[in-house]
$ cat protein28.txt   # compact mmCIF, C-alpha atoms
# COMPACT_ATOMS: atom_id res chain seq x y z
CA MET V 1 79.78 125.84 75.34
CA ARG V 2 78.15 127.47 78.32
CA SER V 3 74.98 129.45 77.78
CA ILE V 4 75.30 133.24 77.73
CA ASP V 5 72.68 135.93 78.12
CA LEU V 6 73.47 138.07 75.10
CA SER V 7 71.34 140.91 76.45
CA GLY V 8 73.93 141.34 79.22
CA ILE V 9 76.82 141.94 76.84
CA SER V 10 77.75 145.61 76.69
CA ASP V 11 79.02 147.61 73.74
CA ALA V 12 82.33 147.96 75.60
CA SER V 13 82.65 144.16 75.77
CA VAL V 14 81.99 143.83 72.05
CA GLN V 15 84.54 146.56 71.35
CA ALA V 16 87.14 144.84 73.56
CA CYS V 17 86.68 141.61 71.59
CA GLU V 18 86.97 143.50 68.31
CA GLU V 19 90.22 145.09 69.51
CA ILE V 20 91.63 141.64 70.30
CA ALA V 21 90.66 140.46 66.81
CA LYS V 22 92.25 143.58 65.30
CA ASP V 23 95.46 143.01 67.27
CA ALA V 24 95.54 139.43 65.99
CA GLY V 25 94.79 140.43 62.40
CA VAL V 26 91.71 138.20 62.44
CA ASN V 27 88.25 138.77 61.00
CA LEU V 28 85.96 137.03 63.49
CA LYS V 29 83.19 136.80 60.89
CA ASP V 30 85.31 134.42 58.82
CA CYS V 31 84.96 131.62 61.38
CA TYR V 32 81.90 129.41 60.85
CA GLN V 33 82.68 127.02 63.72
CA CYS V 34 83.63 123.92 61.74
CA GLY V 35 85.82 122.75 64.64
CA LYS V 36 88.88 121.71 62.62
CA CYS V 37 91.10 123.84 64.88
CA THR V 38 89.83 122.00 67.94
CA ALA V 39 90.07 118.57 66.31
CA GLY V 40 93.73 119.13 65.50
CA CYS V 41 94.84 120.79 68.74
CA PRO V 42 97.30 118.53 70.61
CA LEU V 43 96.50 120.24 73.92
CA ALA V 44 92.71 120.35 73.65
CA ASP V 45 92.32 117.76 76.43
CA SER V 46 93.92 120.19 78.89
CA MET V 47 91.91 123.25 77.88
CA ASP V 48 88.87 124.70 79.61
CA LEU V 49 87.62 126.20 76.34
CA MET V 50 88.22 124.61 72.97
CA PRO V 51 89.98 126.82 70.39
CA ARG V 52 86.78 127.22 68.36
CA GLU V 53 84.97 128.29 71.54
CA VAL V 54 87.47 131.06 72.18
CA ILE V 55 86.72 132.42 68.70
CA ARG V 56 82.98 131.99 69.23
CA TYR V 57 82.99 133.89 72.52
CA LEU V 58 84.96 136.66 70.81
CA GLN V 59 82.29 136.73 68.09
CA LEU V 60 79.61 137.08 70.77
CA GLY V 61 81.47 139.81 72.65
CA ALA V 62 81.81 137.70 75.80
CA ILE V 63 85.08 139.31 76.86
CA ASP V 64 85.05 138.14 80.49
CA VAL V 65 84.71 134.48 79.51
CA VAL V 66 87.66 134.80 77.13
CA LEU V 67 89.95 136.73 79.49
CA ASP V 68 89.30 134.29 82.35
CA ALA V 69 90.01 131.22 80.21
CA LYS V 70 93.11 129.08 80.70
CA THR V 71 93.14 127.98 77.07
CA PRO V 72 95.17 130.88 75.62
CA TRP V 73 97.79 130.30 78.32
CA ILE V 74 97.94 126.57 77.58
CA CYS V 75 98.26 127.15 73.82
CA ALA V 76 101.72 126.03 72.66
CA GLN V 77 101.63 128.20 69.51
CA CYS V 78 102.23 125.13 67.35
CA VAL V 79 100.05 126.68 64.59
CA VAL V 80 98.15 123.43 63.87
CA CYS V 81 94.84 125.24 64.40
CA SER V 82 95.67 128.06 61.99
CA SER V 83 97.04 125.71 59.33
CA ARG V 84 93.90 123.54 59.45
CA CYS V 85 91.42 126.42 59.20
CA PRO V 86 89.56 126.35 55.84
CA GLN V 87 88.85 130.08 56.26
CA ASN V 88 92.47 131.00 57.01
CA VAL V 89 91.58 132.37 60.44
CA ASP V 90 94.82 132.73 62.39
CA ILE V 91 93.55 131.18 65.63
CA CYS V 92 97.10 130.97 66.92
CA SER V 93 97.50 134.74 66.64
CA ALA V 94 94.12 135.23 68.30
CA MET V 95 95.29 133.12 71.25
CA ARG V 96 98.36 135.36 71.63
CA ALA V 97 96.23 138.49 71.50
CA VAL V 98 93.80 137.12 74.11
CA ARG V 99 96.71 136.20 76.33
CA LEU V 100 98.14 139.73 76.14
CA ALA V 101 94.72 141.27 76.76
CA SER V 102 94.21 138.97 79.74
CA LYS V 103 97.57 139.94 81.19
CA HIS V 104 96.94 143.67 80.67
CA ALA V 105 93.57 143.26 82.38
CA GLY V 106 95.39 141.93 85.46
CA LYS V 107 94.17 138.37 85.00
CA ARG V 108 96.55 135.43 85.22
CA PRO V 109 94.51 132.23 84.87
CA LEU V 110 97.78 130.26 84.75
CA PRO V 111 100.43 132.24 86.68
CA GLU V 112 103.15 129.72 85.82
CA ALA V 113 102.71 130.36 82.09
CA ASP V 114 102.96 134.10 82.66
CA ILE V 115 106.13 133.68 84.74
CA PHE V 116 107.67 131.47 82.05
CA ASP V 117 106.84 134.01 79.33
CA ASP V 118 108.41 136.87 81.26
CA GLU V 119 111.54 134.90 82.10
CA PHE V 120 111.95 133.65 78.54
CA ILE V 121 111.71 137.17 77.08
CA ALA V 122 114.09 138.54 79.72
CA ASN V 123 116.59 135.74 79.00
CA VAL V 124 116.50 136.33 75.24
CA ARG V 125 116.63 140.10 75.66
CA VAL V 126 119.85 139.96 77.69
CA HIS V 127 121.66 137.14 75.88
CA GLY V 128 120.11 137.17 72.40
CA VAL V 129 119.35 133.48 72.83
CA SER V 130 117.64 131.33 75.44
CA ASN V 131 119.92 129.66 77.97
CA GLU V 132 117.57 126.85 78.98
CA GLN V 133 119.33 125.84 82.18
CA TYR V 134 119.18 129.39 83.56
CA LEU V 135 115.66 129.89 82.23
CA ALA V 136 114.56 126.75 84.07
CA ALA V 137 116.30 127.85 87.27
CA ALA V 138 114.72 131.33 87.19
CA TYR V 139 111.30 129.89 86.40
CA ASN V 140 111.49 127.31 89.19
CA LEU V 141 112.50 129.95 91.72
CA LYS V 142 109.78 132.43 90.76
CA SER V 143 107.05 129.79 90.40
CA LEU V 144 108.12 128.19 93.72
CA HIS V 145 108.67 124.82 92.01
CA PHE V 146 112.09 124.58 93.60
CA MET V 147 112.74 120.86 93.16
CA GLN V 148 110.90 120.36 89.88
CA ASP V 149 113.94 119.60 87.70
CA MET V 150 116.42 118.33 90.25
CA GLY V 151 116.24 114.70 89.08
CA ASN V 152 116.64 115.50 85.41
CA ALA V 153 119.22 118.27 85.87
CA THR V 154 121.91 115.91 87.15
CA ARG V 155 121.40 113.45 84.29
CA MET V 156 121.34 116.22 81.69
CA LEU V 157 124.58 117.72 83.06
CA LYS V 158 126.30 114.32 83.02
CA ARG V 159 125.26 113.69 79.41
CA GLY V 160 126.30 117.16 78.28
CA MET V 161 122.75 118.10 77.30
CA VAL V 162 123.07 121.30 79.33
CA GLY V 163 126.03 123.04 80.88
CA VAL V 164 126.89 125.89 83.18
CA SER V 165 128.33 128.16 80.49
CA MET V 166 126.21 131.15 79.45
CA HIS V 167 125.68 131.56 75.72
CA ASN V 168 125.45 135.02 74.17
CA THR V 169 124.88 135.89 70.53
CA LYS V 170 127.03 138.48 68.81
CA GLY V 171 123.97 140.55 67.95
CA ARG V 172 122.35 140.46 71.37
CA ALA V 173 122.16 144.27 71.51
CA ASN V 174 120.06 144.15 68.34
CA VAL V 175 117.81 141.51 69.87
CA ALA V 176 117.38 143.65 73.00
CA ALA V 177 116.48 146.63 70.80
CA LEU V 178 113.85 144.56 68.98
CA VAL V 179 112.32 143.36 72.25
CA ASP V 180 112.29 146.90 73.64
CA ARG V 181 110.65 148.26 70.48
CA ALA V 182 107.95 145.59 70.63
CA LEU V 183 107.24 146.30 74.30
CA GLU V 184 107.17 150.05 73.71
CA ALA V 185 104.83 149.65 70.72
CA ASP V 186 102.50 147.48 72.78
CA ALA V 187 102.52 149.98 75.66
CA ALA V 188 101.81 152.87 73.27
CA ARG V 189 98.97 150.98 71.61
CA ARG V 190 97.46 150.13 74.99
CA ALA V 191 97.73 153.74 76.13
CA GLN V 192 96.04 154.95 72.93
CA SER V 193 93.29 152.37 73.37
CA ASP V 194 92.69 153.52 76.96
CA GLU V 195 92.64 157.14 75.80
CA ASP V 196 90.11 156.32 73.07
CA LYS V 197 87.89 154.53 75.59
CA GLY V 198 88.05 157.54 77.90
CA GLY V 199 86.97 159.83 75.08
CA ASP V 200 83.99 157.60 74.25
CA GLU V 201 82.65 157.76 77.80
$ encode --input "protein28.txt" --output "structure tokens"
Amino acid sequence: MRSIDLSGISDASVQACEEIAKDAGVNLKDCYQCGKCTAGCPLADSMDLMPREVIRYLQLGAIDVVLDAKTPWICAQCVVCSSRCPQNVDICSAMRAVRLASKHAGKRPLPEADIFDDEFIANVRVHGVSNEQYLAAAYNLKSLHFMQDMGNATRMLKRGMVGVSMHNTKGRANVAALVDRALEADAARRAQSDEDKGGDE
């Protein structure tokens, strides 16, 4: 872990970290830094902060370090970290909450991951299910990775692994309503949080 001057951490930074923990349903005091989450993470080699470090920086109130980290955007949400935690800290949920907070703060440490998230949600919202071939095409266009899947696409089409038909679930309107409710709830919570911060100033 990098060294941090704790005297430079403001009350607002501590509060921001506490809000992330609250959103995730995590008690930061439960983590005693045993490192089992990090030891089990299959993507730790690609991360700039280890999972335990993300939790530690949240404990310290180092909000900028956490929001600038690539780790929450690399996290595959496989839940290995949470399942290995002897204190039942849901690290996986904390990663999601950090990712949302980072996005709302206008930070995109890994723009490709953000693009993929948005396209996946949009795909599921419209069709009720993910159509991988169209998800990949939309992602490649928006991320400017135009030729990324060209080699595999032909082979997958020939083998029937993907097709051109669009799949829709019967209850896709219900799925869209769920997605909309979740987005509206998040927007309302963010607005309330901003209002509360304004009142404290």
$ closest_residue --input "protein28.txt" --among "V:Asp114, V:Asp186, V:Asp196, V:Glu119" --to "Gln15 (chain V)" --atoms "all atoms listed in the file"
V:Asp196
$ closest_atom_pairs --input "protein28.txt" --of "region 111-163 of chain V" --to "region 88-100 of chain V" --cutoff "12 Å" --atoms "only C-alpha atoms" --output "CSV"
residue,atom,partner,partner_atom,distance
V:Pro111,CA,V:Arg99,CA,11.7
V:Ala113,CA,V:Arg99,CA,10.2
V:Asp114,CA,V:Arg99,CA,9.1
V:Asp117,CA,V:Arg99,CA,10.8
V:Asp118,CA,V:Leu100,CA,11.8
$ closest_residue --input "protein28.txt" --among "V:Pro109, V:Ala44, V:Val124, V:Cys34" --to "Thr169 (chain V)" --atoms "all atoms listed in the file"
V:Val124
$ residues_near_point --input "protein28.txt" --point "(92.4, 140.4, 79.4)" --cutoff "8 Å" --atoms "all atoms listed in the file" --output "VMD selection string"
chain V and resid 63 to 64 66 to 68 98 to 107
$ residues_around --input "protein28.txt" --residues "Glu18 (chain V)" --least-positions-apart "6" --cutoff "9 Å" --atoms "only C-alpha atoms" --output "PyMOL selection string"
chain V and resi 27-28+58-59+61
$ atom_distance --input "protein28.txt" --atom1 "CA of Ser7 (chain V)" --atom2 "CA of Trp73 (chain V)"
28.6 Å
$ closest_residue --input "protein28.txt" --among "V:Ala24, V:Met150, V:Ala176, V:Ala62" --to "Ser3 (chain V)" --atoms "only C-alpha atoms"
V:Ala62
$ closest_residue --input "protein28.txt" --among "V:Cys81, V:Ile20, V:Ile9, V:Met1" --to "Arg190 (chain V)" --atoms "only C-alpha atoms"
V:Ile20
$ residues_around --input "protein28.txt" --residues "Ala173 (chain V)" --least-positions-apart "4" --cutoff "8 Å" --atoms "all atoms listed in the file" --output "PyMOL selection string"
chain V and resi 126+128+177
$ write_last_selection --input "protein28.txt" --atoms "C-alpha atoms" --output "PDB file, in the coordinates of the input"
ATOM      1  CA  VAL V 126     119.850 139.960  77.690  1.00  0.00           C
ATOM      2  CA  GLY V 128     120.110 137.170  72.400  1.00  0.00           C
ATOM      3  CA  ALA V 177     116.480 146.630  70.800  1.00  0.00           C
TER       4      ALA V 177
END
$ closest_residue --input "protein28.txt" --among "V:Val162, V:Val79, V:Ile115, V:Val179" --to "Tyr139 (chain V)" --atoms "all atoms listed in the file"
V:Ile115
$ atom_distance --input "protein28.txt" --atom1 "CA of Gln148 (chain V)" --atom2 "CA of Ser46 (chain V)"
20.2 Å
$ closest_residue --input "protein28.txt" --among "V:Cys85, V:Ala137, V:Leu43, V:Leu144" --to "Glu112 (chain V)" --atoms "all atoms listed in the file"
V:Leu144
$ atom_distance --input "protein28.txt" --atom1 "CA of Val26 (chain V)" --atom2 "CA of Val80 (chain V)"
16.2 Å
$ residues_near_point --input "protein28.txt" --point "(114.5, 125.2, 84.0)" --cutoff "10 Å" --atoms "all atoms listed in the file" --output "MDAnalysis selection string"
chainID V and resid 116 131:141 145:146 148:150 153
$ decode --input "protein28.txt" --residues "region 40-137 of chain V" --atoms "C-alpha atoms" --output "PDB file, in the first residue's frame"
ATOM      1  CA  GLY V  40      -8.405 -15.880  -3.721  1.00  0.00           C
ATOM      2  CA  CYS V  41      -9.020 -13.205  -6.358  1.00  0.00           C
ATOM      3  CA  PRO V  42      -8.450 -14.641  -9.864  1.00  0.00           C
ATOM      4  CA  LEU V  43      -7.823 -11.158 -11.285  1.00  0.00           C
ATOM      5  CA  ALA V  44      -5.504  -9.802  -8.593  1.00  0.00           C
ATOM      6  CA  ASP V  45      -2.513  -9.858 -10.960  1.00  0.00           C
ATOM      7  CA  SER V  46      -4.240  -7.282 -13.173  1.00  0.00           C
ATOM      8  CA  MET V  47      -5.313  -4.939 -10.376  1.00  0.00           C
ATOM      9  CA  ASP V  48      -3.626  -1.728  -9.277  1.00  0.00           C
ATOM     10  CA  LEU V  49      -5.010  -2.118  -5.743  1.00  0.00           C
ATOM     11  CA  MET V  50      -5.612  -5.467  -4.120  1.00  0.00           C
ATOM     12  CA  PRO V  51      -9.182  -6.085  -2.879  1.00  0.00           C
ATOM     13  CA  ARG V  52      -8.098  -5.792   0.760  1.00  0.00           C
ATOM     14  CA  GLU V  53      -6.426  -2.468  -0.064  1.00  0.00           C
ATOM     15  CA  VAL V  54      -9.651  -1.062  -1.471  1.00  0.00           C
ATOM     16  CA  ILE V  55     -11.346  -1.867   1.842  1.00  0.00           C
ATOM     17  CA  ARG V  56      -8.415  -0.440   3.808  1.00  0.00           C
ATOM     18  CA  TYR V  57      -8.453   2.849   1.910  1.00  0.00           C
ATOM     19  CA  LEU V  58     -12.196   3.071   2.531  1.00  0.00           C
ATOM     20  CA  GLN V  59     -11.506   2.519   6.238  1.00  0.00           C
ATOM     21  CA  LEU V  60      -8.980   5.375   6.157  1.00  0.00           C
ATOM     22  CA  GLY V  61     -11.298   7.722   4.269  1.00  0.00           C
ATOM     23  CA  ALA V  62      -8.957   7.953   1.269  1.00  0.00           C
ATOM     24  CA  ILE V  63     -11.765   8.483  -1.222  1.00  0.00           C
ATOM     25  CA  ASP V  64      -9.630   9.807  -4.090  1.00  0.00           C
ATOM     26  CA  VAL V  65      -7.364   6.755  -4.066  1.00  0.00           C
ATOM     27  CA  VAL V  66     -10.391   4.457  -4.216  1.00  0.00           C
ATOM     28  CA  LEU V  67     -12.284   6.360  -6.926  1.00  0.00           C
ATOM     29  CA  ASP V  68      -9.193   6.559  -9.152  1.00  0.00           C
ATOM     30  CA  ALA V  69      -8.433   2.835  -8.836  1.00  0.00           C
ATOM     31  CA  LYS V  70      -8.884   0.435 -11.746  1.00  0.00           C
ATOM     32  CA  THR V  71      -9.524  -2.511  -9.435  1.00  0.00           C
ATOM     33  CA  PRO V  72     -13.308  -2.071  -9.005  1.00  0.00           C
ATOM     34  CA  TRP V  73     -13.633  -1.881 -12.797  1.00  0.00           C
ATOM     35  CA  ILE V  74     -11.563  -5.032 -13.289  1.00  0.00           C
ATOM     36  CA  CYS V  75     -13.551  -6.958 -10.658  1.00  0.00           C
ATOM     37  CA  ALA V  76     -15.512  -9.754 -12.363  1.00  0.00           C
ATOM     38  CA  GLN V  77     -18.053 -10.039  -9.515  1.00  0.00           C
ATOM     39  CA  CYS V  78     -17.227 -13.724  -9.121  1.00  0.00           C
ATOM     40  CA  VAL V  79     -17.848 -13.427  -5.332  1.00  0.00           C
ATOM     41  CA  VAL V  80     -14.738 -15.451  -4.383  1.00  0.00           C
ATOM     42  CA  CYS V  81     -13.554 -12.596  -2.147  1.00  0.00           C
ATOM     43  CA  SER V  82     -16.846 -12.325  -0.277  1.00  0.00           C
ATOM     44  CA  SER V  83     -17.190 -16.084   0.158  1.00  0.00           C
ATOM     45  CA  ARG V  84     -13.669 -16.375   1.586  1.00  0.00           C
ATOM     46  CA  CYS V  85     -14.024 -13.530   4.096  1.00  0.00           C
ATOM     47  CA  PRO V  86     -14.004 -14.861   7.695  1.00  0.00           C
ATOM     48  CA  GLN V  87     -15.830 -11.687   8.780  1.00  0.00           C
ATOM     49  CA  ASN V  88     -18.533 -11.967   6.107  1.00  0.00           C
ATOM     50  CA  VAL V  89     -17.572  -8.627   4.571  1.00  0.00           C
ATOM     51  CA  ASP V  90     -19.209  -8.440   1.152  1.00  0.00           C
ATOM     52  CA  ILE V  91     -16.156  -7.150  -0.727  1.00  0.00           C
ATOM     53  CA  CYS V  92     -17.865  -7.879  -4.025  1.00  0.00           C
ATOM     54  CA  SER V  93     -20.708  -5.514  -3.153  1.00  0.00           C
ATOM     55  CA  ALA V  94     -18.192  -2.897  -2.008  1.00  0.00           C
ATOM     56  CA  MET V  95     -16.481  -3.099  -5.407  1.00  0.00           C
ATOM     57  CA  ARG V  96     -19.822  -2.447  -7.132  1.00  0.00           C
ATOM     58  CA  ALA V  97     -20.529   0.511  -4.877  1.00  0.00           C
ATOM     59  CA  VAL V  98     -17.068   1.999  -5.493  1.00  0.00           C
ATOM     60  CA  ARG V  99     -17.546   1.553  -9.210  1.00  0.00           C
ATOM     61  CA  LEU V 100     -20.869   3.416  -9.136  1.00  0.00           C
ATOM     62  CA  ALA V 101     -19.413   6.177  -6.962  1.00  0.00           C
ATOM     63  CA  SER V 102     -16.456   6.489  -9.331  1.00  0.00           C
ATOM     64  CA  LYS V 103     -18.764   6.766 -12.328  1.00  0.00           C
ATOM     65  CA  HIS V 104     -20.989   9.353 -10.616  1.00  0.00           C
ATOM     66  CA  ALA V 105     -17.875  11.353  -9.745  1.00  0.00           C
ATOM     67  CA  GLY V 106     -17.054  11.532 -13.468  1.00  0.00           C
ATOM     68  CA  LYS V 107     -14.082   9.182 -13.218  1.00  0.00           C
ATOM     69  CA  ARG V 108     -13.628   6.328 -15.659  1.00  0.00           C
ATOM     70  CA  PRO V 109     -10.315   4.605 -14.864  1.00  0.00           C
ATOM     71  CA  LEU V 110     -11.209   1.899 -17.403  1.00  0.00           C
ATOM     72  CA  PRO V 111     -13.538   3.443 -20.027  1.00  0.00           C
ATOM     73  CA  GLU V 112     -13.980   0.108 -21.812  1.00  0.00           C
ATOM     74  CA  ALA V 113     -15.499  -1.467 -18.692  1.00  0.00           C
ATOM     75  CA  ASP V 114     -17.911   1.437 -18.343  1.00  0.00           C
ATOM     76  CA  ILE V 115     -18.938   1.163 -21.998  1.00  0.00           C
ATOM     77  CA  PHE V 116     -19.501  -2.579 -21.634  1.00  0.00           C
ATOM     78  CA  ASP V 117     -21.634  -2.064 -18.510  1.00  0.00           C
ATOM     79  CA  ASP V 118     -23.830   0.516 -20.213  1.00  0.00           C
ATOM     80  CA  GLU V 119     -24.270  -1.575 -23.351  1.00  0.00           C
ATOM     81  CA  PHE V 120     -25.044  -4.728 -21.378  1.00  0.00           C
ATOM     82  CA  ILE V 121     -27.738  -2.989 -19.305  1.00  0.00           C
ATOM     83  CA  ALA V 122     -29.221  -1.351 -22.409  1.00  0.00           C
ATOM     84  CA  ASN V 123     -29.285  -4.721 -24.216  1.00  0.00           C
ATOM     85  CA  VAL V 124     -31.013  -6.493 -21.329  1.00  0.00           C
ATOM     86  CA  ARG V 125     -33.416  -3.601 -20.778  1.00  0.00           C
ATOM     87  CA  VAL V 126     -34.680  -3.720 -24.371  1.00  0.00           C
ATOM     88  CA  HIS V 127     -34.688  -7.484 -24.953  1.00  0.00           C
ATOM     89  CA  GLY V 128     -34.989  -8.941 -21.444  1.00  0.00           C
ATOM     90  CA  VAL V 129     -31.904 -11.017 -22.162  1.00  0.00           C
ATOM     91  CA  SER V 130     -28.400 -10.364 -23.443  1.00  0.00           C
ATOM     92  CA  ASN V 131     -27.857 -10.925 -27.156  1.00  0.00           C
ATOM     93  CA  GLU V 132     -24.098 -11.433 -27.039  1.00  0.00           C
ATOM     94  CA  GLN V 133     -23.400 -10.928 -30.728  1.00  0.00           C
ATOM     95  CA  TYR V 134     -25.114  -7.528 -30.745  1.00  0.00           C
ATOM     96  CA  LEU V 135     -23.635  -6.626 -27.368  1.00  0.00           C
ATOM     97  CA  ALA V 136     -20.159  -7.360 -28.741  1.00  0.00           C
ATOM     98  CA  ALA V 137     -20.834  -5.346 -31.897  1.00  0.00           C
TER      99      ALA V 137
END
